[in-house]
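Data file: entry_9.pdb. Format and content: PDB, C-alpha atoms and all ligand atoms.
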ATOM      1  CA  MET A 217      25.346  37.751 -17.889  1.00  0.00           C
ATOM      2  CA  ILE A 218      22.981  37.384 -14.922  1.00  0.00           C
ATOM      3  CA  GLU A 219      20.251  39.864 -14.137  1.00  0.00           C
ATOM      4  CA  VAL A 220      19.028  40.091 -10.541  1.00  0.00           C
ATOM      5  CA  LEU A 221      15.280  39.578 -10.248  1.00  0.00           C
ATOM      6  CA  ILE A 222      14.889  39.365  -6.454  1.00  0.00           C
ATOM      7  CA  SER A 223      17.713  40.606  -4.245  1.00  0.00           C
ATOM      8  CA  SER A 224      19.059  38.840  -1.195  1.00  0.00           C
ATOM      9  CA  GLU A 225      17.531  41.567   1.041  1.00  0.00           C
ATOM     10  CA  GLN A 226      14.110  41.198  -0.593  1.00  0.00           C
ATOM     11  CA  ILE A 227      14.243  37.428  -0.089  1.00  0.00           C
ATOM     12  CA  LYS A 228      15.263  37.783   3.558  1.00  0.00           C
ATOM     13  CA  GLU A 229      12.450  40.241   4.284  1.00  0.00           C
ATOM     14  CA  ARG A 230       9.769  38.182   2.531  1.00  0.00           C
ATOM     15  CA  VAL A 231      10.885  34.887   4.097  1.00  0.00           C
ATOM     16  CA  LYS A 232      10.632  36.499   7.524  1.00  0.00           C
ATOM     17  CA  GLN A 233       7.041  37.598   6.759  1.00  0.00           C
ATOM     18  CA  MET A 234       6.193  34.129   5.425  1.00  0.00           C
ATOM     19  CA  GLY A 235       7.468  32.577   8.642  1.00  0.00           C
ATOM     20  CA  LYS A 236       5.053  34.821  10.539  1.00  0.00           C
ATOM     21  CA  GLU A 237       2.126  33.975   8.211  1.00  0.00           C
ATOM     22  CA  ILE A 238       2.802  30.259   8.649  1.00  0.00           C
ATOM     23  CA  THR A 239       3.165  30.532  12.436  1.00  0.00           C
ATOM     24  CA  GLU A 240      -0.104  32.462  12.552  1.00  0.00           C
ATOM     25  CA  TYR A 241      -1.914  29.837  10.468  1.00  0.00           C
ATOM     26  CA  TYR A 242      -0.846  26.891  12.650  1.00  0.00           C
ATOM     27  CA  LYS A 243      -0.627  28.363  16.123  1.00  0.00           C
ATOM     28  CA  ASP A 244      -4.248  27.610  17.125  1.00  0.00           C
ATOM     29  CA  LYS A 245      -4.114  24.151  15.552  1.00  0.00           C
ATOM     30  CA  THR A 246      -0.855  22.584  16.715  1.00  0.00           C
ATOM     31  CA  ASP A 247       2.477  23.336  18.372  1.00  0.00           C
ATOM     32  CA  THR A 248       4.461  21.056  16.050  1.00  0.00           C
ATOM     33  CA  ILE A 249       4.579  20.914  12.257  1.00  0.00           C
ATOM     34  CA  HIS A 250       6.417  18.575   9.913  1.00  0.00           C
ATOM     35  CA  ALA A 251       8.211  20.436   7.113  1.00  0.00           C
ATOM     36  CA  VAL A 252       9.162  18.574   3.949  1.00  0.00           C
ATOM     37  CA  CYS A 253      12.057  20.081   2.008  1.00  0.00           C
ATOM     38  CA  VAL A 254      11.963  19.304  -1.698  1.00  0.00           C
ATOM     39  CA  LEU A 255      15.626  18.992  -2.677  1.00  0.00           C
ATOM     40  CA  LYS A 256      17.760  20.270  -4.098  1.00  0.00           C
ATOM     41  CA  GLY A 257      16.296  23.642  -5.075  1.00  0.00           C
ATOM     42  CA  SER A 258      14.511  24.374  -1.772  1.00  0.00           C
ATOM     43  CA  ILE A 259      17.565  23.960   0.451  1.00  0.00           C
ATOM     44  CA  HIS A 260      18.190  27.657   1.154  1.00  0.00           C
ATOM     45  CA  PHE A 261      14.521  28.635   1.297  1.00  0.00           C
ATOM     46  CA  PHE A 262      13.758  25.731   3.643  1.00  0.00           C
ATOM     47  CA  SER A 263      16.657  26.569   5.926  1.00  0.00           C
ATOM     48  CA  ASP A 264      15.785  30.275   6.140  1.00  0.00           C
ATOM     49  CA  LEU A 265      12.033  29.707   6.419  1.00  0.00           C
ATOM     50  CA  VAL A 266      12.033  27.208   9.306  1.00  0.00           C
ATOM     51  CA  GLN A 267      14.200  29.585  11.355  1.00  0.00           C
ATOM     52  CA  ASN A 268      11.396  32.126  11.078  1.00  0.00           C
ATOM     53  CA  ILE A 269       8.616  29.767  12.182  1.00  0.00           C
ATOM     54  CA  ASP A 270       7.795  30.039  15.876  1.00  0.00           C
ATOM     55  CA  LEU A 271       6.669  26.406  16.379  1.00  0.00           C
ATOM     56  CA  ASN A 272       8.431  23.053  16.782  1.00  0.00           C
ATOM     57  CA  VAL A 273       9.453  22.027  13.279  1.00  0.00           C
ATOM     58  CA  GLU A 274      10.318  18.455  12.324  1.00  0.00           C
ATOM     59  CA  TYR A 275      12.249  17.985   9.067  1.00  0.00           C
ATOM     60  CA  SER A 276      12.020  15.594   6.134  1.00  0.00           C
ATOM     61  CA  PHE A 277      13.952  15.743   2.895  1.00  0.00           C
ATOM     62  CA  ILE A 278      12.771  14.366  -0.397  1.00  0.00           C
ATOM     63  CA  GLN A 279      14.330  14.503  -3.807  1.00  0.00           C
ATOM     64  CA  VAL A 280      12.585  14.076  -7.096  1.00  0.00           C
ATOM     65  CA  ALA A 281      13.906  14.901 -10.528  1.00  0.00           C
ATOM     66  CA  SER A 282      11.763  16.256 -13.318  1.00  0.00           C
ATOM     67  CA  TYR A 283      13.953  18.639 -15.207  1.00  0.00           C
ATOM     68  CA  SER A 284      16.965  18.341 -17.428  1.00  0.00           C
ATOM     69  CA  GLY A 285      18.362  21.652 -18.662  1.00  0.00           C
ATOM     70  CA  VAL A 286      15.770  24.407 -19.039  1.00  0.00           C
ATOM     71  CA  SER A 287      12.743  22.457 -20.225  1.00  0.00           C
ATOM     72  CA  SER A 288      10.608  19.845 -18.507  1.00  0.00           C
ATOM     73  CA  THR A 289      11.295  16.280 -19.527  1.00  0.00           C
ATOM     74  CA  GLY A 290       7.775  15.380 -18.407  1.00  0.00           C
ATOM     75  CA  ARG A 291       9.241  12.555 -16.336  1.00  0.00           C
ATOM     76  CA  ILE A 292       9.491  12.406 -12.572  1.00  0.00           C
ATOM     77  CA  ARG A 293      11.901  10.163 -10.731  1.00  0.00           C
ATOM     78  CA  VAL A 294      11.971   9.699  -6.928  1.00  0.00           C
ATOM     79  CA  LYS A 295      15.554   9.750  -5.650  1.00  0.00           C
ATOM     80  CA  SER A 296      14.832   9.875  -1.907  1.00  0.00           C
ATOM     81  CA  TRP A 297      11.709   9.979   0.205  1.00  0.00           C
ATOM     82  CA  ILE A 298      10.499  10.811   3.751  1.00  0.00           C
ATOM     83  CA  ASP A 299      11.912   8.529   6.429  1.00  0.00           C
ATOM     84  CA  GLU A 300       9.468   9.322   9.255  1.00  0.00           C
ATOM     85  CA  PRO A 301       5.750   8.645   9.689  1.00  0.00           C
ATOM     86  CA  ILE A 302       3.544  11.675   9.011  1.00  0.00           C
ATOM     87  CA  GLU A 303       0.181  10.151   9.876  1.00  0.00           C
ATOM     88  CA  ASN A 304      -1.954  12.686  11.807  1.00  0.00           C
ATOM     89  CA  LYS A 305       0.788  15.301  11.514  1.00  0.00           C
ATOM     90  CA  TYR A 306       0.547  18.870  10.236  1.00  0.00           C
ATOM     91  CA  VAL A 307       2.643  18.648   7.113  1.00  0.00           C
ATOM     92  CA  ILE A 308       3.922  21.558   5.055  1.00  0.00           C
ATOM     93  CA  VAL A 309       5.726  20.923   1.782  1.00  0.00           C
ATOM     94  CA  VAL A 310       8.398  23.518   1.035  1.00  0.00           C
ATOM     95  CA  GLU A 311       9.027  24.109  -2.680  1.00  0.00           C
ATOM     96  CA  ASP A 312      11.419  26.432  -4.456  1.00  0.00           C
ATOM     97  CA  ILE A 313       9.343  27.212  -7.538  1.00  0.00           C
ATOM     98  CA  LEU A 314       5.955  26.275  -8.906  1.00  0.00           C
ATOM     99  CA  ASP A 315       5.787  26.077 -12.680  1.00  0.00           C
ATOM    100  CA  THR A 316       3.400  23.456 -14.117  1.00  0.00           C
ATOM    101  CA  GLY A 317       2.891  21.927 -10.657  1.00  0.00           C
ATOM    102  CA  LEU A 318       3.480  18.469 -12.091  1.00  0.00           C
ATOM    103  CA  THR A 319       6.264  17.637  -9.641  1.00  0.00           C
ATOM    104  CA  LEU A 320       4.330  18.927  -6.678  1.00  0.00           C
ATOM    105  CA  SER A 321       1.017  17.236  -7.513  1.00  0.00           C
ATOM    106  CA  TYR A 322       2.886  13.940  -7.741  1.00  0.00           C
ATOM    107  CA  ILE A 323       4.504  14.521  -4.338  1.00  0.00           C
ATOM    108  CA  LEU A 324       1.197  15.603  -2.746  1.00  0.00           C
ATOM    109  CA  ASP A 325      -0.707  12.571  -4.078  1.00  0.00           C
ATOM    110  CA  TYR A 326       1.823  10.288  -2.430  1.00  0.00           C
ATOM    111  CA  LEU A 327       2.002  12.197   0.858  1.00  0.00           C
ATOM    112  CA  ARG A 328      -1.832  12.145   1.154  1.00  0.00           C
ATOM    113  CA  ARG A 329      -1.713   8.352   1.284  1.00  0.00           C
ATOM    114  CA  TYR A 330       0.015   8.569   4.679  1.00  0.00           C
ATOM    115  CA  ARG A 331      -3.060  10.391   6.036  1.00  0.00           C
ATOM    116  CA  PRO A 332      -1.533  13.549   7.514  1.00  0.00           C
ATOM    117  CA  ALA A 333      -3.893  15.678   9.658  1.00  0.00           C
ATOM    118  CA  ASP A 334      -3.277  18.584   7.297  1.00  0.00           C
ATOM    119  CA  LEU A 335      -1.213  19.080   4.141  1.00  0.00           C
ATOM    120  CA  LYS A 336      -0.163  22.537   3.032  1.00  0.00           C
ATOM    121  CA  VAL A 337       2.173  23.898   0.376  1.00  0.00           C
ATOM    122  CA  VAL A 338       4.556  26.827   0.559  1.00  0.00           C
ATOM    123  CA  THR A 339       6.538  27.963  -2.447  1.00  0.00           C
ATOM    124  CA  LEU A 340       9.053  30.765  -2.686  1.00  0.00           C
ATOM    125  CA  LEU A 341       8.288  31.480  -6.340  1.00  0.00           C
ATOM    126  CA  LYS A 342       5.250  31.003  -8.533  1.00  0.00           C
ATOM    127  CA  LYS A 343       5.339  31.573 -12.264  1.00  0.00           C
ATOM    128  CA  LEU A 344       2.598  33.867 -13.532  1.00  0.00           C
ATOM    129  CA  GLY A 345       0.612  32.815 -16.565  1.00  0.00           C
ATOM    130  CA  ARG A 346       1.437  29.139 -16.097  1.00  0.00           C
ATOM    131  CA  ASN A 347      -1.373  26.696 -15.615  1.00  0.00           C
ATOM    132  CA  SER A 348      -0.387  25.068 -12.365  1.00  0.00           C
ATOM    133  CA  GLN A 349      -1.998  21.828 -11.206  1.00  0.00           C
ATOM    134  CA  VAL A 350      -1.474  22.878  -7.588  1.00  0.00           C
ATOM    135  CA  THR A 351      -2.728  25.916  -5.685  1.00  0.00           C
ATOM    136  CA  PRO A 352      -0.084  26.811  -3.092  1.00  0.00           C
ATOM    137  CA  ASP A 353      -1.221  27.974   0.353  1.00  0.00           C
ATOM    138  CA  PHE A 354       1.689  30.365   0.880  1.00  0.00           C
ATOM    139  CA  VAL A 355       3.576  32.135  -1.934  1.00  0.00           C
ATOM    140  CA  GLY A 356       6.707  34.255  -1.624  1.00  0.00           C
ATOM    141  CA  PHE A 357       6.858  35.994  -4.990  1.00  0.00           C
ATOM    142  CA  GLU A 358       4.953  35.732  -8.242  1.00  0.00           C
ATOM    143  CA  ILE A 359       7.346  36.036 -11.167  1.00  0.00           C
ATOM    144  CA  GLU A 360       7.228  36.210 -14.955  1.00  0.00           C
ATOM    145  CA  ASP A 361       7.499  32.989 -16.898  1.00  0.00           C
ATOM    146  CA  LYS A 362      11.297  33.053 -17.181  1.00  0.00           C
ATOM    147  CA  PHE A 363      13.864  30.410 -16.327  1.00  0.00           C
ATOM    148  CA  VAL A 364      15.360  31.635 -13.060  1.00  0.00           C
ATOM    149  CA  ILE A 365      18.445  30.612 -11.111  1.00  0.00           C
ATOM    150  CA  GLY A 366      20.033  31.248  -7.718  1.00  0.00           C
ATOM    151  CA  TYR A 367      19.082  30.798  -4.032  1.00  0.00           C
ATOM    152  CA  GLY A 368      19.014  27.034  -4.607  1.00  0.00           C
ATOM    153  CA  LEU A 369      17.804  27.029  -8.205  1.00  0.00           C
ATOM    154  CA  ASP A 370      20.202  25.724 -10.822  1.00  0.00           C
ATOM    155  CA  TYR A 371      20.925  25.678 -14.491  1.00  0.00           C
ATOM    156  CA  ASN A 372      22.513  22.259 -15.002  1.00  0.00           C
ATOM    157  CA  GLU A 373      23.734  22.272 -11.352  1.00  0.00           C
ATOM    158  CA  LYS A 374      25.283  25.735 -11.684  1.00  0.00           C
ATOM    159  CA  TYR A 375      24.291  28.957  -9.843  1.00  0.00           C
ATOM    160  CA  ARG A 376      22.588  27.294  -6.811  1.00  0.00           C
ATOM    161  CA  ASN A 377      24.772  29.177  -4.334  1.00  0.00           C
ATOM    162  CA  LEU A 378      23.917  32.672  -5.563  1.00  0.00           C
ATOM    163  CA  PRO A 379      22.296  34.588  -2.668  1.00  0.00           C
ATOM    164  CA  TYR A 380      19.687  36.170  -4.995  1.00  0.00           C
ATOM    165  CA  VAL A 381      17.207  34.996  -7.655  1.00  0.00           C
ATOM    166  CA  GLY A 382      18.110  36.003 -11.174  1.00  0.00           C
ATOM    167  CA  TRP A 383      17.960  34.914 -14.752  1.00  0.00           C
ATOM    168  CA  VAL A 384      20.593  34.218 -17.338  1.00  0.00           C
ATOM    169  CA  LYS A 385      20.151  36.607 -20.263  1.00  0.00           C
ATOM    170  CA  GLY A 386      19.724  34.649 -23.441  1.00  0.00           C
ATOM    171  CA  ASN A 387      17.943  31.775 -21.706  1.00  0.00           C
ATOM    172  CA  GLY A 388      14.752  33.667 -20.898  1.00  0.00           C
TER     173      GLY A 388
HETATM  174  P1  LIG B   1       6.923  21.935 -12.269  1.00  0.00           P
HETATM  175  O1  LIG B   1       6.746  20.458 -12.048  1.00  0.00           O
HETATM  176  O2  LIG B   1       6.082  22.793 -11.349  1.00  0.00           O
HETATM  177  O3  LIG B   1       6.751  22.315 -13.704  1.00  0.00           O
HETATM  178  O4  LIG B   1       8.443  22.247 -11.991  1.00  0.00           O
HETATM  179  C1  LIG B   1       8.907  22.227 -10.721  1.00  0.00           C
HETATM  180  C2  LIG B   1      10.398  22.031 -10.655  1.00  0.00           C
HETATM  181  O5  LIG B   1      11.049  22.329 -11.885  1.00  0.00           O
HETATM  182  C3  LIG B   1      10.970  22.971  -9.645  1.00  0.00           C
HETATM  183  O6  LIG B   1      10.960  22.420  -8.359  1.00  0.00           O
HETATM  184  C4  LIG B   1      12.340  23.242 -10.195  1.00  0.00           C
HETATM  185  O7  LIG B   1      13.224  22.251  -9.745  1.00  0.00           O
HETATM  186  C5  LIG B   1      12.177  23.120 -11.691  1.00  0.00           C
HETATM  187  N1  LIG B   1      11.947  24.465 -12.295  1.00  0.00           N
HETATM  188  C6  LIG B   1      10.794  24.972 -12.766  1.00  0.00           C
HETATM  189  N2  LIG B   1      10.964  26.224 -13.215  1.00  0.00           N
HETATM  190  C7  LIG B   1      12.277  26.510 -13.015  1.00  0.00           C
HETATM  191  C8  LIG B   1      13.080  27.676 -13.260  1.00  0.00           C
HETATM  192  O8  LIG B   1      12.649  28.731 -13.751  1.00  0.00           O
HETATM  193  N3  LIG B   1      14.383  27.596 -12.898  1.00  0.00           N
HETATM  194  C9  LIG B   1      14.940  26.477 -12.338  1.00  0.00           C
HETATM  195  N4  LIG B   1      16.232  26.530 -12.035  1.00  0.00           N
HETATM  196  N5  LIG B   1      14.217  25.359 -12.094  1.00  0.00           N
HETATM  197  C10 LIG B   1      12.903  25.380 -12.438  1.00  0.00           C
END
Output the structure of this file as C-alpha cells.
Amino acid sequence: MIEVLISSEQIKERVKQMGKEITEYYKDKTDTIHAVCVLKGSIHFFSDLVQNIDLNVEYSFIQVASYSGVSSTGRIRVKSWIDEPIENKYVIVVEDILDTGLTLSYILDYLRRYRPADLKVVTLLKKLGRNSQVTPDFVGFEIEDKFVIGYGLDYNEKYRNLPYVGWVKGNG
C-alpha cells in the first residue's frame, strides 16, 4: 500500500519555480551552467528541472551507490563519473534526496578538485531532523524522516517510475 506524499502536480509546479530560482541566481554570472545528474534517483528531477532553466545547460551523469534496501550501508562506490572537464565552469549538482549527506559530500569533495568556478547543490527532497553534512543551495521540499519512493526513487529498484513521491506503509 503506497501513500502519496507529494503529487505529480505539486512536483511539476515546484520544479518550475526551482528552475526560475536557479536561472535568477546564475543569470548575472554566466550564460552556461554544467548540471551533474546523480543517477539513478535524480533522472526524472534532472530531466524536468533543466527544461525549466533559461540558460545553456551542459549535462554530466554520475552514479554512486551507497544504499542497499532501506538503510545506509555506510559504503560508497563510484560506478560512473563525469566525462567532461568542469574547470572554471558553473557546476550544479542535481540530487534526488538529501538524508545524511554522506553521498553528496563525497561527490562534492571530488568535484572541487577539478576547480570549478562555482559549485552549487540542488535537491528535490531534504529530510527534516536529519543531520546532513551538506547544506543544499536549492531545496524542493522538506519531508519527514521516512523512506520515500517514486519519481526516480526506488525500493530495491522498484517504484522509480511512479510520477509522484510516496512511501510504502509498513516501511516508514
Ligand atoms: P545520504 O548519503 O544523504 O544519506 O543518502 C543519499 C542517497 O540515499 C540518495 O541519493 C538516495 O539514493 C538514497 N536515499 C536516502 N533516503 C532515501 C529514501 O527515503 N528513499 C530512497 N528511495 N532512497 C533514499
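The space separating atom CA of A:Leu344 from atom CA of A:His260 comes to 22.3 Å.
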(request) Can you give me, as number ranges by chain, the residues this file yields under the PyMOL selection byres (((not hetatm)) within 7 of (chain B and resi 1))? (result) A: 257, 282-283, 288, 311-320, 348, 362-365, 369-371
(message) So, with all atoms listed in the file as the atoms that count, which of A:Leu341, A:Lys245, A:Ala333, A:Asn272 lies closest to A:Gly356?
(response)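 Counting all atoms listed in the file, the residue closest to A:Gly356 is A:Leu341.
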(request) Give the answer as one residue: which of A:Ile238, A:Ile249, A:Leu265, A:Ile359 has the shortest atom-to-atom distance to A:Glu303, using all atoms listed in the file? (result) A:Ile249
(request) Select, from A:Leu340, A:Ile308, A:Asp334, A:Lys295, the residue with the minimum atom-to-atom distance to A:Arg230, counting all atoms listed in the file. (result)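 Ranking A:Leu340, A:Ile308, A:Asp334, A:Lys295 by distance to A:Arg230, first place goes to A:Leu340.
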Selection result of the PyMOL selection byres (((chain A and resi 263) around 12) and not hetatm) on this file, as a PDB file with C-alpha atoms, in the frame of the given file:
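Final output, result05.pdb:
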ATOM      1  CA  LYS A 228      15.263  37.783   3.558  1.00  0.00           C
ATOM      2  CA  VAL A 231      10.885  34.887   4.097  1.00  0.00           C
ATOM      3  CA  LYS A 232      10.632  36.499   7.524  1.00  0.00           C
ATOM      4  CA  GLY A 235       7.468  32.577   8.642  1.00  0.00           C
ATOM      5  CA  ALA A 251       8.211  20.436   7.113  1.00  0.00           C
ATOM      6  CA  VAL A 252       9.162  18.574   3.949  1.00  0.00           C
ATOM      7  CA  CYS A 253      12.057  20.081   2.008  1.00  0.00           C
ATOM      8  CA  VAL A 254      11.963  19.304  -1.698  1.00  0.00           C
ATOM      9  CA  LEU A 255      15.626  18.992  -2.677  1.00  0.00           C
ATOM     10  CA  LYS A 256      17.760  20.270  -4.098  1.00  0.00           C
ATOM     11  CA  GLY A 257      16.296  23.642  -5.075  1.00  0.00           C
ATOM     12  CA  SER A 258      14.511  24.374  -1.772  1.00  0.00           C
ATOM     13  CA  ILE A 259      17.565  23.960   0.451  1.00  0.00           C
ATOM     14  CA  HIS A 260      18.190  27.657   1.154  1.00  0.00           C
ATOM     15  CA  PHE A 261      14.521  28.635   1.297  1.00  0.00           C
ATOM     16  CA  PHE A 262      13.758  25.731   3.643  1.00  0.00           C
ATOM     17  CA  ASP A 264      15.785  30.275   6.140  1.00  0.00           C
ATOM     18  CA  LEU A 265      12.033  29.707   6.419  1.00  0.00           C
ATOM     19  CA  VAL A 266      12.033  27.208   9.306  1.00  0.00           C
ATOM     20  CA  GLN A 267      14.200  29.585  11.355  1.00  0.00           C
ATOM     21  CA  ASN A 268      11.396  32.126  11.078  1.00  0.00           C
ATOM     22  CA  ILE A 269       8.616  29.767  12.182  1.00  0.00           C
ATOM     23  CA  VAL A 273       9.453  22.027  13.279  1.00  0.00           C
ATOM     24  CA  TYR A 275      12.249  17.985   9.067  1.00  0.00           C
ATOM     25  CA  SER A 276      12.020  15.594   6.134  1.00  0.00           C
ATOM     26  CA  PHE A 277      13.952  15.743   2.895  1.00  0.00           C
ATOM     27  CA  VAL A 310       8.398  23.518   1.035  1.00  0.00           C
ATOM     28  CA  GLU A 311       9.027  24.109  -2.680  1.00  0.00           C
ATOM     29  CA  ASP A 312      11.419  26.432  -4.456  1.00  0.00           C
ATOM     30  CA  TYR A 367      19.082  30.798  -4.032  1.00  0.00           C
ATOM     31  CA  GLY A 368      19.014  27.034  -4.607  1.00  0.00           C
TER      32      GLY A 368
END
As a compact mmCIF listing (two decimals), in the frame of the given file, the rebuilt stretch 220-242 of chain A with N, CA, C and O atoms:
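Now in rebuild-v2.txt:
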# COMPACT_ATOMS: atom_id res chain seq x y z
N VAL A 220 19.67 40.37 -11.83
CA VAL A 220 19.03 40.09 -10.54
C VAL A 220 17.54 40.38 -10.65
O VAL A 220 17.12 41.44 -11.10
N LEU A 221 16.73 39.42 -10.22
CA LEU A 221 15.28 39.58 -10.25
C LEU A 221 14.77 39.90 -8.83
O LEU A 221 13.96 40.79 -8.64
N ILE A 222 15.27 39.15 -7.86
CA ILE A 222 14.89 39.36 -6.45
C ILE A 222 16.18 39.37 -5.64
O ILE A 222 16.91 38.37 -5.62
N SER A 223 16.45 40.47 -4.98
CA SER A 223 17.71 40.61 -4.24
C SER A 223 17.71 39.77 -2.97
O SER A 223 16.64 39.37 -2.47
N SER A 224 18.89 39.57 -2.43
CA SER A 224 19.06 38.84 -1.20
C SER A 224 18.27 39.49 -0.05
O SER A 224 17.65 38.81 0.76
N GLU A 225 18.26 40.83 -0.01
CA GLU A 225 17.53 41.57 1.04
C GLU A 225 16.03 41.35 0.89
O GLU A 225 15.32 41.16 1.88
N GLN A 226 15.55 41.42 -0.34
CA GLN A 226 14.11 41.20 -0.59
C GLN A 226 13.69 39.79 -0.17
O GLN A 226 12.63 39.60 0.42
N ILE A 227 14.54 38.82 -0.46
CA ILE A 227 14.24 37.43 -0.09
C ILE A 227 14.17 37.32 1.43
O ILE A 227 13.21 36.79 1.98
N LYS A 228 15.19 37.87 2.09
CA LYS A 228 15.26 37.78 3.56
C LYS A 228 14.01 38.36 4.21
O LYS A 228 13.41 37.75 5.11
N GLU A 229 13.62 39.54 3.75
CA GLU A 229 12.45 40.24 4.28
C GLU A 229 11.17 39.43 4.08
O GLU A 229 10.39 39.24 5.00
N ARG A 230 11.00 38.93 2.86
CA ARG A 230 9.77 38.18 2.53
C ARG A 230 9.72 36.84 3.29
O ARG A 230 8.66 36.44 3.75
N VAL A 231 10.85 36.19 3.41
CA VAL A 231 10.88 34.89 4.10
C VAL A 231 10.53 35.07 5.58
O VAL A 231 9.84 34.25 6.16
N LYS A 232 10.97 36.18 6.14
CA LYS A 232 10.63 36.50 7.52
C LYS A 232 9.11 36.65 7.67
O LYS A 232 8.50 36.08 8.57
N GLN A 233 8.51 37.41 6.75
CA GLN A 233 7.04 37.60 6.76
C GLN A 233 6.33 36.26 6.60
O GLN A 233 5.33 35.98 7.26
N MET A 234 6.84 35.43 5.69
CA MET A 234 6.19 34.13 5.42
C MET A 234 6.23 33.26 6.67
O MET A 234 5.28 32.55 6.98
N GLY A 235 7.35 33.32 7.39
CA GLY A 235 7.47 32.58 8.64
C GLY A 235 6.38 32.99 9.62
O GLY A 235 5.76 32.16 10.28
N LYS A 236 6.10 34.30 9.66
CA LYS A 236 5.05 34.82 10.54
C LYS A 236 3.68 34.35 10.08
O LYS A 236 2.86 33.94 10.89
N GLU A 237 3.43 34.42 8.77
CA GLU A 237 2.13 33.98 8.21
C GLU A 237 1.88 32.51 8.55
O GLU A 237 0.78 32.11 8.93
N ILE A 238 2.92 31.70 8.41
CA ILE A 238 2.80 30.26 8.65
C ILE A 238 2.58 29.99 10.14
O ILE A 238 1.72 29.20 10.51
N THR A 239 3.33 30.68 10.99
CA THR A 239 3.16 30.53 12.44
C THR A 239 1.73 30.89 12.83
O THR A 239 1.08 30.17 13.59
N GLU A 240 1.25 31.98 12.28
CA GLU A 240 -0.10 32.46 12.55
C GLU A 240 -1.15 31.42 12.16
O GLU A 240 -2.08 31.15 12.91
N TYR A 241 -0.95 30.82 10.97
CA TYR A 241 -1.91 29.84 10.47
C TYR A 241 -1.99 28.61 11.38
O TYR A 241 -3.07 28.09 11.66
N TYR A 242 -0.86 28.14 11.88
CA TYR A 242 -0.85 26.89 12.65
C TYR A 242 -1.05 27.06 14.15
O TYR A 242 -1.41 26.11 14.83
